[in-house]
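A.B. asks: Before anything else, here's the structure in question.
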Amino acid sequence: MLPVRRRDPTPAGALSACLASLLEAAWEETPAGATGAAPLARWQEWLAARNLRATEPAALPGAGFWIAEVARDGAPHHVVMFGAPPDVVWDPADDGAPVGPPRAALVLAALDPLLPTGRLPHSGLLTAAHSIGGATREARAAGTVAGLFVAPAAEAPCRPLEAADAVAGRGLRGDRYFEGAGTFGSPGATGHELTLIAAEALEAMAAEGGPAVAPADARRNVVTRSVDLDALVGRRFLLGEVECVGRRWCEPCAHLQRLTAPGALRGLVHRGGLRADILRSGTVRLGDGVRLAD
């Protein structure tokens, strides 16, 4: 653990400092940025890209580092605790003021215990069990746009396009997330402007005995071919002339399975695609190249 002092006196500032301390992350790398404060929802998005999630245990932890919510001057505050029995090992206020006993806890847990945590995933971290088609291969980040889709409203059918207007900070024009009307996300959320899935993932799921899900029914904006989308988390890439940044894996969920077929959730675990944001506007067309921007 690397002690990090809070930059913001609010509860979100103390929580942000505790998370940065446990992850030994520079402010500029985190969702707290220069201000030093971000709500837990924004941290959860950032943590997901590192195979992590902050979760509330049923009981106070008995070992390891964890974050405690305590009272300080009658207001909520967060500190880092350790030991069995535990005690405060770092208070991001760093002024020696007394704090109350723990009244809630947060621990960092792996989303998938078989994958490394704490760093952005890349090709060297993929295994046979998690690579598309079940075969280990070197990550590729050069391929083509094989499908383009938008849905005008939440749960509405996705319709195919030959070309799409991609707008930085918004998404694909005509899509429900462009209008802020998608099922997921909230003001300030990242990774909801653009979703991608590999055609190979859908083909592999069907070949393995899972449901046959058509590209439009996968409810992703962009279907790619010959691209390792997992390797694009945290990296800038180009869809034709449009510059994007990968945020985190677009894992399947009960919502997708309800709109497709039983077995889709299990069949797309770790190959459900990529959530991304648009950095530079432009037009995406079928057949456009997909490649790294850096």
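As shown in the structure tokens, the chain order sets the letters A, B, ...; within each chain, residues go from 1, and ligands are also counted from 1 in the order they appear.
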Could you pull out the alpha helix (DSSP H) residues of stretch 50-228 of chain A, going by DSSP on the backbone, and write them as a list in words?

C.D. replies: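 DSSP-assigned alpha helix (DSSP H) residues in stretch 50-228 of chain A: Ala199, Glu200, Ala201, Leu202, Glu203, Ala204, Met205, Ala206 and Ala207 of chain A.
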
A.B. asks: Give me the residues within 7 Å of A:Ala63 as a PDB file with C-alpha atoms, in the first residue's frame, counting only C-alpha atoms and dropping any in the same chain fewer than 4 places off.

C.D. replies:
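New file around_2.pdb:
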ATOM      1  CA  PHE A  82      -5.493  -3.898   8.313  1.00  0.00           C
ATOM      2  CA  GLY A  83      -4.884  -6.688  10.800  1.00  0.00           C
ATOM      3  CA  ALA A  84      -6.778  -9.226  12.878  1.00  0.00           C
TER       4      ALA A  84
END

A.B. asks: Env of stretch 106-112 of chain A: 7 Å cut, atoms = only C-alpha atoms, seq-sep filter 2 positions within chain, self excluded. Answer as JSON, numbers by chain.

C.D. replies: {"A": [51, 52, 53, 54, 55, 56, 57, 66, 67, 68, 114, 115, 117]}

A.B. asks: With stretch 278-289 of chain A as the partner and 7 Å as the cut-off, tabulate the residues of stretch 151-237 of chain A that qualify, each row holding the nearest pair of atoms and their distance in Å to one decimal, using only C-alpha atoms, sorted by chain and rising number, as a Markdown table.

C.D. replies:
| residue | atom | partner | partner_atom | distance |
| --- | --- | --- | --- | --- |
| A:Glu162 | CA | A:Leu286 | CA | 5.7 |
| A:Ala163 | CA | A:Arg285 | CA | 4.2 |
| A:Ala164 | CA | A:Val284 | CA | 5.2 |
| A:Asp165 | CA | A:Thr283 | CA | 4.7 |
| A:Ala166 | CA | A:Ser281 | CA | 5.4 |
| A:Val167 | CA | A:Ser281 | CA | 4.6 |
| A:Ala168 | CA | A:Ile278 | CA | 4.6 |
| A:Gly169 | CA | A:Ile278 | CA | 6.1 |
| A:Gly171 | CA | A:Ile278 | CA | 6.7 |
| A:Glu193 | CA | A:Ile278 | CA | 6.6 |

A.B. asks: I need the residues from that last selection saved to file as a PDB file, in the first residue's frame (with C-alpha atoms), if you can.

C.D. replies:
ATOM      1  CA  GLU A 162     -23.929   0.877 -44.109  1.00  0.00           C
ATOM      2  CA  ALA A 163     -22.367   3.905 -42.402  1.00  0.00           C
ATOM      3  CA  ALA A 164     -22.797   5.641 -39.059  1.00  0.00           C
ATOM      4  CA  ASP A 165     -22.054   9.134 -37.800  1.00  0.00           C
ATOM      5  CA  ALA A 166     -19.888   8.758 -34.673  1.00  0.00           C
ATOM      6  CA  VAL A 167     -19.909  11.809 -32.415  1.00  0.00           C
ATOM      7  CA  ALA A 168     -17.314  12.300 -29.676  1.00  0.00           C
ATOM      8  CA  GLY A 169     -18.914  12.378 -26.252  1.00  0.00           C
ATOM      9  CA  GLY A 171     -22.041   7.819 -29.580  1.00  0.00           C
ATOM     10  CA  GLU A 193     -20.845   5.680 -26.290  1.00  0.00           C
TER      11      GLU A 193
END

A.B. asks: Nearest residue to A:Arg42 out of A:Gly182, A:Cys244, A:Gly191, A:Val222, using only C-alpha atoms?

C.D. replies: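 For A:Arg42, the nearest of the given residues is A:Gly191.
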